[in-house]
file protein29.csv (CSV, C-alpha atoms (C1' of nucleotides) and all ligand atoms)
chain,number,residue,atom,x,y,z
A,1,MET,CA,0.0,0.0,0.0
A,2,GLN,CA,1.2,3.5,-0.8
A,3,THR,CA,1.2,6.4,1.6
A,4,PRO,CA,-2.1,8.2,2.4
A,5,GLU,CA,-0.9,11.0,0.2
A,6,GLU,CA,-0.3,8.8,-2.7
A,7,LEU,CA,-3.6,7.0,-2.2
A,8,THR,CA,-5.3,10.4,-2.2
A,9,ALA,CA,-3.7,11.1,-5.6
A,10,ARG,CA,-4.6,7.7,-6.9
A,11,PHE,CA,-8.2,8.0,-5.7
A,12,ARG,CA,-8.5,11.3,-7.5
A,13,ALA,CA,-6.9,9.9,-10.6
A,14,THR,CA,-9.4,7.1,-10.7
A,15,GLY,CA,-12.4,9.4,-10.5
A,16,ARG,CA,-13.0,8.8,-6.8
A,17,LYS,CA,-13.5,11.6,-4.4
A,18,VAL,CA,-11.2,12.0,-1.4
A,19,THR,CA,-13.0,12.4,1.8
A,20,ALA,CA,-12.0,12.7,5.4
A,21,GLN,CA,-13.4,9.2,6.1
A,22,ARG,CA,-11.4,7.6,3.3
A,23,GLN,CA,-8.2,9.3,4.3
A,24,CYS,CA,-8.9,8.1,7.8
A,25,VAL,CA,-9.0,4.5,6.6
A,26,PHE,CA,-5.8,5.2,4.7
A,27,ARG,CA,-4.1,6.2,7.8
A,28,VAL,CA,-5.5,3.4,9.9
A,29,LEU,CA,-4.2,0.8,7.4
A,30,GLN,CA,-0.8,2.4,6.9
A,31,GLY,CA,1.8,0.2,8.6
A,32,ASP,CA,-0.8,-2.0,10.2
A,33,GLU,CA,0.6,-5.5,10.3
A,34,SER,CA,-2.2,-7.0,12.3
A,35,HIS,CA,-4.2,-8.0,9.2
A,36,PRO,CA,-7.3,-6.3,10.6
A,37,SER,CA,-10.9,-7.3,9.7
A,38,ALA,CA,-13.3,-4.7,8.4
A,39,GLU,CA,-14.7,-4.4,11.9
A,40,ALA,CA,-11.2,-3.8,13.4
A,41,VAL,CA,-10.5,-1.1,10.8
A,42,HIS,CA,-13.8,0.4,11.7
A,43,ALA,CA,-13.0,0.4,15.3
A,44,ALA,CA,-9.6,2.0,14.7
A,45,ALA,CA,-11.1,4.6,12.3
A,46,ARG,CA,-13.7,5.6,14.8
A,47,ARG,CA,-10.9,6.7,17.2
A,48,GLN,CA,-10.1,9.4,14.6
A,49,VAL,CA,-13.5,10.1,13.0
A,50,GLU,CA,-16.1,9.2,15.5
A,51,THR,CA,-19.0,9.1,13.1
A,52,ILE,CA,-17.5,7.0,10.3
A,53,SER,CA,-19.9,4.2,9.4
A,54,LEU,CA,-19.1,0.6,8.9
A,55,LYS,CA,-20.5,0.9,5.5
A,56,THR,CA,-18.0,3.5,4.5
A,57,VAL,CA,-15.2,1.4,5.8
A,58,TYR,CA,-16.4,-1.6,3.8
A,59,GLN,CA,-16.6,0.6,0.7
A,60,THR,CA,-13.2,2.1,1.1
A,61,LEU,CA,-11.6,-1.4,1.8
A,62,HIS,CA,-13.3,-2.6,-1.3
A,63,ASP,CA,-12.0,0.3,-3.4
A,64,LEU,CA,-8.5,-0.2,-2.1
A,65,THR,CA,-8.6,-3.9,-2.8
A,66,GLU,CA,-9.9,-3.1,-6.3
A,67,LEU,CA,-6.9,-0.9,-6.9
A,68,GLY,CA,-4.6,-3.6,-5.6
A,69,GLU,CA,-3.4,-1.3,-2.8
A,70,ILE,CA,-4.3,-3.9,-0.1
A,71,ALA,CA,-5.1,-7.6,-0.3
A,72,ALA,CA,-8.2,-9.3,1.0
A,73,LEU,CA,-7.2,-12.5,2.7
A,74,ASP,CA,-9.8,-15.2,3.4
A,75,ILE,CA,-7.8,-17.7,5.4
A,76,GLY,CA,-10.4,-19.3,7.6
A,77,THR,CA,-10.7,-16.9,10.5
A,78,GLY,CA,-14.3,-16.3,9.8
A,79,MET,CA,-13.8,-12.8,8.4
A,80,VAL,CA,-11.9,-11.3,5.5
A,81,ARG,CA,-8.6,-9.9,6.7
A,82,PHE,CA,-7.0,-7.0,5.0
A,83,ASP,CA,-3.3,-6.7,4.3
A,84,PRO,CA,-1.7,-3.4,3.4
A,85,ASN,CA,1.6,-5.2,2.6
A,86,VAL,CA,1.2,-6.1,-1.1
A,87,GLU,CA,4.7,-5.0,-2.0
A,88,GLU,CA,6.6,-7.8,-0.4
A,89,PRO,CA,5.3,-11.3,-1.3
A,90,HIS,CA,4.9,-13.3,1.9
A,91,HIS,CA,2.9,-16.0,3.6
A,92,HIS,CA,1.1,-16.2,6.9
A,93,LEU,CA,0.9,-17.8,10.3
A,94,VAL,CA,-2.6,-18.2,11.6
A,95,CYS,CA,-3.4,-18.8,15.3
A,96,ARG,CA,-6.2,-21.4,15.5
A,97,VAL,CA,-7.2,-20.1,18.9
A,98,CYS,CA,-7.4,-16.3,18.6
A,99,GLY,CA,-7.2,-15.8,14.9
A,100,LYS,CA,-4.1,-13.7,15.0
A,101,VAL,CA,-2.4,-13.5,11.6
A,102,SER,CA,1.3,-12.9,11.3
A,103,ASP,CA,3.5,-12.4,8.3
A,104,LEU,CA,5.8,-15.2,7.4
A,105,VAL,CA,8.7,-13.5,5.5
A,106,VAL,CA,10.3,-16.8,4.3
A,107,ASP,CA,10.4,-17.2,0.6
A,108,PHE,CA,9.8,-20.8,-0.6
A,109,PRO,CA,11.8,-21.3,-3.7
A,110,GLU,CA,10.7,-24.9,-4.6
A,111,LEU,CA,7.1,-24.0,-4.6
A,112,SER,CA,6.2,-24.5,-8.2
A,113,VAL,CA,3.8,-27.0,-9.6
A,114,PRO,CA,5.0,-29.5,-12.3
A,115,GLU,CA,3.1,-28.8,-15.4
A,116,ARG,CA,1.4,-32.2,-15.3
A,117,ALA,CA,0.1,-31.7,-11.8
A,118,THR,CA,-1.8,-28.5,-12.6
A,119,GLN,CA,-4.8,-30.5,-14.1
A,120,GLY,CA,-5.3,-27.7,-16.6
A,121,PHE,CA,-5.5,-25.0,-14.0
A,122,GLU,CA,-4.2,-21.6,-14.8
A,123,LEU,CA,-2.3,-20.9,-11.5
A,124,GLY,CA,-1.5,-17.8,-9.6
A,125,ALA,CA,1.0,-17.4,-6.9
A,126,PRO,CA,1.0,-20.0,-4.1
A,127,GLU,CA,-0.5,-19.1,-0.7
A,128,VAL,CA,1.1,-20.9,2.2
A,129,VAL,CA,-0.6,-20.9,5.6
A,130,PHE,CA,0.7,-22.4,8.7
A,131,ARG,CA,-1.9,-22.9,11.3
A,132,GLY,CA,-0.9,-23.2,14.9
A,133,ARG,CA,-0.9,-21.4,18.2
A,134,CYS,CA,0.5,-17.9,18.7
A,135,PRO,CA,2.8,-17.2,21.6
A,136,GLU,CA,0.0,-15.6,23.6
A,137,CYS,CA,-2.3,-18.5,23.2
A,138,ARG,CA,0.4,-21.0,24.0
A,139,SER,CA,1.2,-19.4,27.3
A,140,ARG,CA,-2.4,-18.9,28.2
A,141,SER,CA,-3.2,-22.5,27.5
A,142,THR,CA,-4.0,-24.5,30.7
A,143,ASP,CA,-2.6,-27.6,29.1
A,144,PRO,CA,-0.2,-29.1,31.6
A,145,SER,CA,2.1,-30.3,28.8
A,146,VAL,CA,3.0,-26.6,28.3
A,147,GLY,CA,5.2,-24.9,30.8
A,148,SER,CA,8.6,-26.4,30.6
A,149,THR,CA,10.1,-25.4,27.4
A,150,PRO,CA,13.8,-25.6,28.1
A,151,GLY,CA,15.8,-22.8,26.7
A,152,GLY,CA,12.8,-21.8,24.7
A,153,SER,CA,11.4,-18.4,24.4
A,154,PRO,CA,10.3,-17.2,27.8
A,155,THR,CA,8.8,-14.1,26.3
A,156,GLY,CA,7.1,-13.7,29.6
A,157,GLY,CA,4.6,-11.3,28.0
A,158,GLU,CA,1.4,-12.8,29.3
A,159,ARG,CA,-0.9,-10.1,28.2
A,160,ASP,CA,-4.6,-9.9,28.6
A,161,ALA,CA,-6.8,-12.0,26.3
A,162,PRO,CA,-9.6,-9.8,25.1
A,163,THR,CA,-11.0,-11.6,22.2
A,164,SER,CA,-13.9,-13.8,23.0
A,165,PRO,CA,-16.0,-14.3,20.0
S,166,MET,CA,-11.7,-41.8,5.3
S,167,GLN,CA,-12.4,-45.4,5.9
S,168,THR,CA,-15.1,-47.4,4.2
S,169,PRO,CA,-18.7,-47.1,5.2
S,170,GLU,CA,-18.4,-50.4,6.9
S,171,GLU,CA,-15.5,-49.4,9.0
S,172,LEU,CA,-17.1,-46.0,9.8
S,173,THR,CA,-20.2,-47.9,10.9
S,174,ALA,CA,-18.0,-49.9,13.3
S,175,ARG,CA,-16.2,-46.8,14.5
S,176,PHE,CA,-19.4,-44.9,15.1
S,177,ARG,CA,-20.6,-47.8,17.2
S,178,ALA,CA,-17.3,-48.0,19.0
S,179,THR,CA,-17.5,-44.3,19.9
S,180,GLY,CA,-21.0,-44.6,21.3
S,181,ARG,CA,-22.8,-43.2,18.3
S,182,LYS,CA,-25.7,-44.9,16.7
S,183,VAL,CA,-25.6,-45.9,13.1
S,184,THR,CA,-28.6,-44.8,11.1
S,185,ALA,CA,-29.6,-45.1,7.5
S,186,GLN,CA,-29.0,-41.3,7.2
S,187,ARG,CA,-25.5,-41.5,8.5
S,188,GLN,CA,-24.6,-44.4,6.4
S,189,CYS,CA,-25.9,-42.5,3.4
S,190,VAL,CA,-23.6,-39.7,4.2
S,191,PHE,CA,-20.7,-42.2,4.5
S,192,ARG,CA,-21.5,-43.5,1.0
S,193,VAL,CA,-21.8,-40.1,-0.5
S,194,LEU,CA,-18.4,-39.1,0.8
S,195,GLN,CA,-16.7,-42.3,-0.1
S,196,GLY,CA,-14.4,-41.6,-3.0
S,197,ASP,CA,-15.7,-38.1,-3.5
S,198,GLU,CA,-12.9,-35.9,-4.7
S,199,SER,CA,-14.9,-32.8,-5.3
S,200,HIS,CA,-14.5,-31.4,-1.8
S,201,PRO,CA,-18.2,-30.9,-1.5
S,202,SER,CA,-19.8,-28.4,0.8
S,203,ALA,CA,-22.4,-29.4,3.3
S,204,GLU,CA,-25.1,-28.4,0.9
S,205,ALA,CA,-23.6,-30.5,-1.8
S,206,VAL,CA,-23.4,-33.5,0.5
S,207,HIS,CA,-27.0,-32.9,1.4
S,208,ALA,CA,-28.1,-32.7,-2.2
S,209,ALA,CA,-26.3,-35.9,-3.0
S,210,ALA,CA,-27.6,-37.7,0.0
S,211,ARG,CA,-31.1,-36.8,-0.9
S,212,ARG,CA,-30.8,-38.8,-4.0
S,213,GLN,CA,-30.5,-41.9,-1.8
S,214,VAL,CA,-32.6,-40.9,1.3
S,215,GLU,CA,-35.1,-38.3,0.1
S,216,THR,CA,-36.0,-37.1,3.6
S,217,ILE,CA,-32.6,-36.6,5.0
S,218,SER,CA,-32.4,-33.2,6.6
S,219,LEU,CA,-29.6,-30.6,6.2
S,220,LYS,CA,-29.3,-30.7,10.0
S,221,THR,CA,-28.4,-34.3,10.0
S,222,VAL,CA,-25.9,-33.9,7.3
S,223,TYR,CA,-24.2,-31.1,9.3
S,224,GLN,CA,-24.3,-33.3,12.3
S,225,THR,CA,-22.7,-36.3,10.6
S,226,LEU,CA,-20.1,-34.2,8.9
S,227,HIS,CA,-19.2,-32.7,12.3
S,228,ASP,CA,-18.9,-36.1,13.8
S,229,LEU,CA,-16.7,-37.4,11.0
S,230,THR,CA,-14.5,-34.3,11.3
S,231,GLU,CA,-14.3,-34.9,15.0
S,232,LEU,CA,-13.1,-38.4,14.4
S,233,GLY,CA,-10.6,-37.2,11.9
S,234,GLU,CA,-12.2,-39.3,9.2
S,235,ILE,CA,-12.7,-36.2,7.0
S,236,ALA,CA,-11.1,-32.8,6.9
S,237,ALA,CA,-13.0,-29.5,7.0
S,238,LEU,CA,-11.3,-27.1,4.6
S,239,ASP,CA,-11.9,-23.3,4.8
S,240,ILE,CA,-10.1,-22.0,1.8
S,241,GLY,CA,-12.0,-18.9,0.8
S,242,THR,CA,-14.8,-20.4,-1.3
S,243,GLY,CA,-17.5,-19.1,1.1
S,244,MET,CA,-18.4,-22.4,2.5
S,245,VAL,CA,-16.5,-25.1,4.4
S,246,ARG,CA,-15.5,-27.9,2.0
S,247,PHE,CA,-15.1,-31.4,3.2
S,248,ASP,CA,-12.3,-33.7,2.2
S,249,PRO,CA,-12.6,-37.5,2.7
S,250,ASN,CA,-8.9,-37.9,1.7
S,251,VAL,CA,-7.1,-37.5,5.0
S,252,GLU,CA,-4.7,-40.5,4.4
S,253,GLU,CA,-2.6,-38.8,1.8
S,254,PRO,CA,-1.2,-35.4,2.6
S,255,HIS,CA,-1.8,-33.0,-0.2
S,256,HIS,CA,-2.5,-29.4,-1.2
S,257,HIS,CA,-5.2,-27.8,-3.3
S,258,LEU,CA,-5.9,-25.9,-6.4
S,259,VAL,CA,-8.9,-23.5,-6.1
S,260,CYS,CA,-10.8,-21.9,-9.0
S,261,ARG,CA,-11.4,-18.3,-8.3
S,262,VAL,CA,-14.4,-18.3,-10.7
S,263,CYS,CA,-16.4,-21.4,-9.8
S,264,GLY,CA,-14.9,-22.5,-6.5
S,265,LYS,CA,-13.8,-25.9,-7.8
S,266,VAL,CA,-11.3,-27.4,-5.5
S,267,SER,CA,-8.8,-30.0,-6.9
S,268,ASP,CA,-6.2,-32.0,-5.1
S,269,LEU,CA,-2.6,-31.1,-5.7
S,270,VAL,CA,-0.6,-34.3,-5.1
S,271,VAL,CA,2.8,-32.7,-5.3
S,272,ASP,CA,4.8,-32.9,-2.1
S,273,PHE,CA,6.8,-29.8,-1.3
S,274,PRO,CA,10.0,-30.9,0.4
S,275,GLU,CA,11.6,-27.8,1.7
S,276,LEU,CA,8.4,-26.3,3.2
S,277,SER,CA,9.6,-25.7,6.7
S,278,VAL,CA,10.0,-22.5,8.6
S,279,PRO,CA,13.3,-21.5,10.0
S,280,GLU,CA,13.0,-21.4,13.8
S,281,ARG,CA,13.5,-17.7,14.0
S,282,ALA,CA,10.8,-16.9,11.5
S,283,THR,CA,8.1,-18.6,13.5
S,284,GLN,CA,7.7,-15.7,15.9
S,285,GLY,CA,7.0,-18.0,18.7
S,286,PHE,CA,4.2,-19.8,16.9
S,287,GLU,CA,3.6,-23.4,17.5
S,288,LEU,CA,3.1,-24.6,13.9
S,289,GLY,CA,1.2,-27.4,12.3
S,290,ALA,CA,1.6,-28.7,8.8
S,291,PRO,CA,1.7,-26.1,6.0
S,292,GLU,CA,-1.4,-25.6,3.8
S,293,VAL,CA,-0.6,-24.6,0.3
S,294,VAL,CA,-3.3,-23.2,-2.0
S,295,PHE,CA,-2.9,-22.2,-5.6
S,296,ARG,CA,-5.7,-20.0,-6.8
S,297,GLY,CA,-6.4,-19.7,-10.4
S,298,ARG,CA,-8.9,-20.8,-13.0
S,299,CYS,CA,-10.0,-24.3,-13.7
S,300,PRO,CA,-10.0,-25.7,-17.2
S,301,GLU,CA,-13.7,-25.2,-17.6
S,302,CYS,CA,-13.7,-21.6,-16.4
S,303,ARG,CA,-10.7,-20.9,-18.7
S,304,SER,CA,-12.5,-22.0,-21.8
S,305,ARG,CA,-15.7,-20.5,-20.7
S,306,SER,CA,-14.3,-17.0,-20.0
S,307,THR,CA,-12.2,-16.4,-23.0
S,308,ASP,CA,-13.4,-13.7,-25.4
S,309,PRO,CA,-16.3,-14.9,-27.5
S,310,SER,CA,-14.4,-13.8,-30.6
S,311,VAL,CA,-11.6,-16.2,-29.6
S,312,GLY,CA,-13.9,-19.2,-29.8
S,313,SER,CA,-11.6,-21.4,-31.9
S,314,THR,CA,-8.2,-19.9,-32.3
S,315,PRO,CA,-6.1,-22.0,-34.5
S,316,GLY,CA,-2.5,-22.7,-33.6
S,317,GLY,CA,-0.6,-19.9,-32.1
S,318,SER,CA,-3.4,-18.0,-30.6
S,319,PRO,CA,-2.8,-14.3,-29.9
S,320,THR,CA,-4.9,-14.5,-26.8
S,321,GLY,CA,-4.0,-10.8,-26.6
S,322,GLY,CA,-6.0,-9.1,-24.0
S,323,GLU,CA,-7.2,-10.8,-20.8
S,324,ARG,CA,-10.3,-8.8,-20.3
S,325,ASP,CA,-12.0,-8.7,-17.0
S,326,ALA,CA,-13.9,-11.9,-16.5
S,327,PRO,CA,-17.4,-10.7,-15.6
S,328,THR,CA,-18.5,-12.3,-12.4
S,329,SER,CA,-21.1,-14.9,-12.8
S,330,PRO,CA,-24.5,-14.9,-11.1
X,331,DT,C1',-18.1,31.0,-6.0
X,332,DT,C1',-21.2,27.9,-7.3
X,333,DG,C1',-23.5,23.7,-9.0
X,334,DT,C1',-23.3,19.0,-9.9
X,335,DT,C1',-22.7,15.0,-8.1
X,336,DA,C1',-20.4,11.8,-5.5
X,337,DC,C1',-20.3,10.6,-0.9
X,338,DC,C1',-21.8,10.0,3.9
X,339,DT,C1',-24.8,8.5,7.7
X,340,DA,C1',-28.5,6.3,9.9
X,341,DA,C1',-31.5,2.9,10.0
X,342,DC,C1',-33.0,-0.9,8.2
X,343,DA,C1',-33.8,-5.3,5.4
X,344,DA,C1',-31.7,-9.0,3.2
X,345,DT,C1',-28.5,-12.6,2.1
X,346,DC,C1',-25.8,-16.7,3.2
X,347,DA,C1',-23.6,-20.3,5.9
X,348,DG,C1',-24.1,-22.3,9.9
X,349,DT,C1',-26.1,-23.1,14.7
X,350,DG,C1',-29.6,-23.6,18.0
X,351,DG,C1',-34.1,-24.7,19.9
X,352,DT,C1',-38.7,-27.0,19.9
X,353,DA,C1',-41.9,-31.0,19.8
X,354,DA,C1',-43.3,-35.0,17.8
X,355,DT,C1',-41.9,-39.2,15.7
X,356,DT,C1',-38.8,-43.0,14.6
X,357,DA,C1',-35.6,-46.5,15.3
X,358,DT,C1',-31.0,-48.1,17.3
X,359,DG,C1',-28.9,-51.3,20.2
X,360,DG,C1',-28.4,-53.3,24.8
Z,361,DC,C1',-38.7,-54.9,24.9
Z,362,DC,C1',-37.6,-50.3,25.8
Z,363,DA,C1',-34.6,-46.3,27.2
Z,364,DT,C1',-32.8,-43.1,24.7
Z,365,DA,C1',-30.5,-41.3,20.8
Z,366,DA,C1',-31.5,-39.7,16.4
Z,367,DT,C1',-34.3,-37.5,12.9
Z,368,DT,C1',-37.6,-34.3,11.0
Z,369,DA,C1',-40.0,-30.0,10.2
Z,370,DC,C1',-40.0,-25.6,11.4
Z,371,DC,C1',-38.4,-21.5,12.8
Z,372,DA,C1',-35.4,-18.2,15.1
Z,373,DC,C1',-30.9,-16.6,15.5
Z,374,DT,C1',-25.9,-15.4,14.9
Z,375,DG,C1',-22.3,-12.9,12.2
Z,376,DA,C1',-20.2,-11.1,8.2
Z,377,DT,C1',-21.3,-8.7,4.4
Z,378,DT,C1',-24.2,-6.3,1.0
Z,379,DG,C1',-28.1,-3.6,-0.4
Z,380,DT,C1',-31.6,0.2,0.0
Z,381,DT,C1',-33.5,4.4,1.2
Z,382,DA,C1',-33.7,9.2,2.2
Z,383,DG,C1',-31.8,13.3,3.7
Z,384,DG,C1',-27.8,16.0,4.3
Z,385,DT,C1',-22.8,17.3,3.4
Z,386,DA,C1',-18.8,18.0,1.0
Z,387,DA,C1',-15.5,17.5,-3.0
Z,388,DC,C1',-14.1,19.4,-7.0
Z,389,DA,C1',-14.6,21.1,-11.7
Z,390,DA,C1',-16.3,25.0,-14.1
A,401,MN,MN,0.5,-10.3,5.5
A,402,MN,MN,-8.2,-32.6,-1.0
A,403,ZN,ZN,-3.5,-16.9,19.5
A,404,ZN,ZN,-13.8,-22.9,-12.4
call {"tool": "encode", "arguments": {"input": "protein29.csv", "output": "C-alpha cells", "more": "lines below"}}
Ligand SMILES: [Mn+2]
Ligand SMILES: [Mn+2]
Ligand SMILES: [Zn+2]
Ligand SMILES: [Zn+2]
result
Amino acid sequence: MQTPEELTARFRATGRKVTAQRQCVFRVLQGDESHPSAEAVHAAARRQVETISLKTVYQTLHDLTELGEIAALDIGTGMVRFDPNVEEPHHHLVCRVCGKVSDLVVDFPELSVPERATQGFELGAPEVVFRGRCPECRSRSTDPSVGSTPGGSPTGGERDAPTSP
Amino acid sequence: MQTPEELTARFRATGRKVTAQRQCVFRVLQGDESHPSAEAVHAAARRQVETISLKTVYQTLHDLTELGEIAALDIGTGMVRFDPNVEEPHHHLVCRVCGKVSDLVVDFPELSVPERATQGFELGAPEVVFRGRCPECRSRSTDPSVGSTPGGSPTGGERDAPTSP
DNA sequence: TTGTTACCTAACAATCAGTGGTAATTATGG
DNA sequence: CCATAATTACCACTGATTGTTAGGTAACAA
C-alpha cells in the first residue's frame, strides 16, 4: 500500500473523491501489520473520525482492494482480513485459537507445480498458511504439557486476552 | 476416510448410533474428490434418502471431522469444504471463478519454517493453496471472438472476466 | 463561488452459511 | 422390549457482508 498522500492522488486519478473518512481509513491501514478485519478497521477509524460508518469502511476497503493497494485474505478466520503489505510477497501464520495472523517472510523457492500436476488449471502465486498457536495463546493454555520449554522463548509477556467471539 | 463399513464400526465403538442417514452420508463421501460443501453433500444424500435433513448432514459431517475421518477445509470459497482424503497429505488448487477445489498431489519438500521466522508460533503442517482458473472456467471465460483460435493464438488481452450470477 | 454530483450517515432489510431450539416421531442397540 | 439417541420439520438466530432508502454534506470542476 502506498502512503495516504499517494492514495489520495490515486483515488482522484481514478475518479474517486477523497473524503476525510477515506483518508482516515488510509491512515489506519498504513503500517498496520495485524491483518485487521473490516470491523477492526472500523473500530480504529472511529478513534479518529467518531461518526464513520461501517458501510463506508467496507466501501473504502473494497476500493483499495480493487486498486490492488491492499489484499483481502480469506484464510479461515471467519472474516476477511486486510493486508496493506502487497509490495513484499509473503505468507502467513494463523493462530487457531485467537485468529491472529502474522506475516511469514520466508520465501519458498521450490514451490512450483510441475506442469502435469496442474490439471489444466491456470495458476496464480501459491499461498502458504501455517496454522498453529500464537505465543500468547500458547502461554495462556491451561494444558499441563506446556510450561517447561527448556531454553525456549520465555517471552514472559502474558498479556490480557480480550477476544472472546 | 475409511469405508462405510469401517465407519459404521467406528461410530458404534464411539457410542454413536448408526442410522440409515449417517450411512448414506458415508457412502456419499466415499471416493468423492470434489471437496463438497455441506449443501452439496445434502443434495447428493437426498438422491438416496429423500427425507434426510440438512441438519443431520451437518451433524454427521461434524462427527466425521471430530473423528478425523474427513477434513474440513476453509479455503475462501465461502463455505467449508469437506475432504474425505485424509490419508494422503496433499494441497489444493482453487478456482477463483467457480470455486472448484482440486487435489494437488505434489509434495513440497523444503516447506519448513526457520525457527527464528516462527515468531513463537507453534506450527502445524503447511497448507498450500494455488488460486487460479480451472480448465472449464478458462475455456468459458475467453473472449467470445476467440472461440476457436487455430494454432498460435494471440490471446491478446485478458479482459476482466465478468463475475457470474 | 457555485453547481453538480459523489459521498456519507442512519436505519433498516436481506443474504448466506451455519447453529440452536422445539416437539413430535422414529428407530437403534443393549 | 424399551430407554434413549437420532431424525424431522419448522423456525429463530448469529455474524459477516451487502443492499436500500432518504436526507444531508462536502468534494471538486467549471
Ligand atoms: Mn500479510
Ligand atoms: Mn483434498
Ligand atoms: Zn492466538
Ligand atoms: Zn472454475
call {"tool": "closest_residue", "arguments": {"input": "protein29.csv", "among": "S:Met244, S:Val190, S:Ala209, S:Ala236", "to": "chain X", "atoms": "all atoms listed in the file"}}
result
S:Met244
call {"tool": "residues_around", "arguments": {"input": "protein29.csv", "residues": "A:Thr60", "least_positions_apart": "6", "cutoff": "10 Å", "atoms": "all atoms listed in the file", "output": "number ranges by chain"}}
result
A: 21-26, 38, 54, 66
call {"tool": "residues_near_ligand", "arguments": {"input": "protein29.csv", "ligand": "ligand MN 401 (chain A)", "cutoff": "8 Å", "atoms": "all atoms listed in the file", "output": "tab-separated table (two decimals) with C-alpha atoms, in the frame of the given file"}}
result
chain	number	residue	atom	x	y	z
A	33	GLU	CA	0.60	-5.50	10.30
A	35	HIS	CA	-4.20	-8.00	9.20
A	83	ASP	CA	-3.30	-6.70	4.30
A	84	PRO	CA	-1.70	-3.40	3.40
A	85	ASN	CA	1.60	-5.20	2.60
A	86	VAL	CA	1.20	-6.10	-1.10
A	90	HIS	CA	4.90	-13.30	1.90
A	91	HIS	CA	2.90	-16.00	3.60
A	92	HIS	CA	1.10	-16.20	6.90
A	101	VAL	CA	-2.40	-13.50	11.60
A	102	SER	CA	1.30	-12.90	11.30
A	103	ASP	CA	3.50	-12.40	8.30
A	104	LEU	CA	5.80	-15.20	7.40
call {"tool": "residues_around", "arguments": {"input": "protein29.csv", "residues": "X:DT332", "least_positions_apart": "4", "cutoff": "12 Å", "atoms": "only C-alpha atoms (C1' of nucleotides)", "output": "number ranges by chain"}}
result
Z: 388-390
call {"tool": "interface_residues", "arguments": {"input": "protein29.csv", "of": "chain Z", "to": "chain A", "cutoff": "12 Å", "atoms": "all atoms listed in the file", "output": "VMD selection string"}}
result
chain Z and resid 374 to 379 385 to 389
call {"tool": "interface_residues", "arguments": {"input": "protein29.csv", "of": "chain A", "to": "chain S", "cutoff": "10 Å", "atoms": "only C-alpha atoms", "output": "VMD selection string"}}
result
chain A and resid 73 to 80 91 to 96 102 to 114 117 to 138 152 to 155
call {"tool": "closest_atom_pairs", "arguments": {"input": "protein29.csv", "of": "chain X", "to": "chain S", "cutoff": "12 Å", "atoms": "only C-alpha atoms (C1' of nucleotides)", "output": "tab-separated table"}}
result
residue	atom	partner	partner_atom	distance
X:DC346	C1'	S:Gly243	CA	8.9
X:DA347	C1'	S:Met244	CA	6.6
X:DG348	C1'	S:Tyr223	CA	8.8
X:DT349	C1'	S:Lys220	CA	9.5
X:DG350	C1'	S:Lys220	CA	10.7
X:DT356	C1'	S:Thr184	CA	10.9
X:DA357	C1'	S:Thr184	CA	8.3
X:DT358	C1'	S:Lys182	CA	6.2
X:DG359	C1'	S:Lys182	CA	8.0
X:DG360	C1'	S:Gly180	CA	11.9
call {"tool": "residues_around", "arguments": {"input": "protein29.csv", "residues": "Z:DC370", "least_positions_apart": "4", "cutoff": "12 Å", "atoms": "all atoms listed in the file", "output": "ChimeraX atom specification"}}
result
/S:218,220 /X:351-354
call {"tool": "write_last_selection", "arguments": {"input": "protein29.csv", "atoms": "C-alpha atoms (C1' of nucleotides)", "output": "PDB file, keeping the file's coordinate frame"}}
result
ATOM      1  CA  SER S 218     -32.400 -33.200   6.600  1.00  0.00           C
ATOM      2  CA  LYS S 220     -29.300 -30.700  10.000  1.00  0.00           C
TER       3      LYS S 220
ATOM      4  C1'  DG X 351     -34.100 -24.700  19.900  1.00  0.00           C
ATOM      5  C1'  DT X 352     -38.700 -27.000  19.900  1.00  0.00           C
ATOM      6  C1'  DA X 353     -41.900 -31.000  19.800  1.00  0.00           C
ATOM      7  C1'  DA X 354     -43.300 -35.000  17.800  1.00  0.00           C
TER       8       DA X 354
END
call {"tool": "closest_residue", "arguments": {"input": "protein29.csv", "among": "S:Asp197, S:Glu171, S:Asp228, S:Glu280", "to": "ligand MN 402 (chain A)", "atoms": "all atoms listed in the file"}}
result
S:Asp197
call {"tool": "atom_distance", "arguments": {"input": "protein29.csv", "atom1": "atom CA of A:Gly99", "atom2": "atom CA of A:Gly68"}}
result
24.0 Å
call {"tool": "closest_residue", "arguments": {"input": "protein29.csv", "among": "S:Val262, S:Ala237, S:Val193, S:Leu232", "to": "ligand MN 402 (chain A)", "atoms": "only C-alpha atoms and all ligand atoms"}}
result
S:Ala237
call {"tool": "atom_distance", "arguments": {"input": "protein29.csv", "atom1": "atom CA of S:Lys265", "atom2": "atom ZN of ligand ZN 404 (chain A)"}}
result
5.5 Å
call {"tool": "residues_around", "arguments": {"input": "protein29.csv", "residues": "A:Ile52", "least_positions_apart": "5", "cutoff": "9 Å", "atoms": "all atoms listed in the file", "output": "PyMOL selection string"}}
result
(chain A and resi 21+42+45-46+57) or (chain X and resi 338-339)
call {"tool": "atom_distance", "arguments": {"input": "protein29.csv", "atom1": "atom CA of A:Arg81", "atom2": "atom CA of A:Phe11"}}
result
21.8 Å
call {"tool": "closest_residue", "arguments": {"input": "protein29.csv", "among": "A:Cys98, A:Ile70, A:Ser37, A:Arg116", "to": "ligand ZN 403 (chain A)", "atoms": "only C-alpha atoms and all ligand atoms"}}
result
A:Cys98
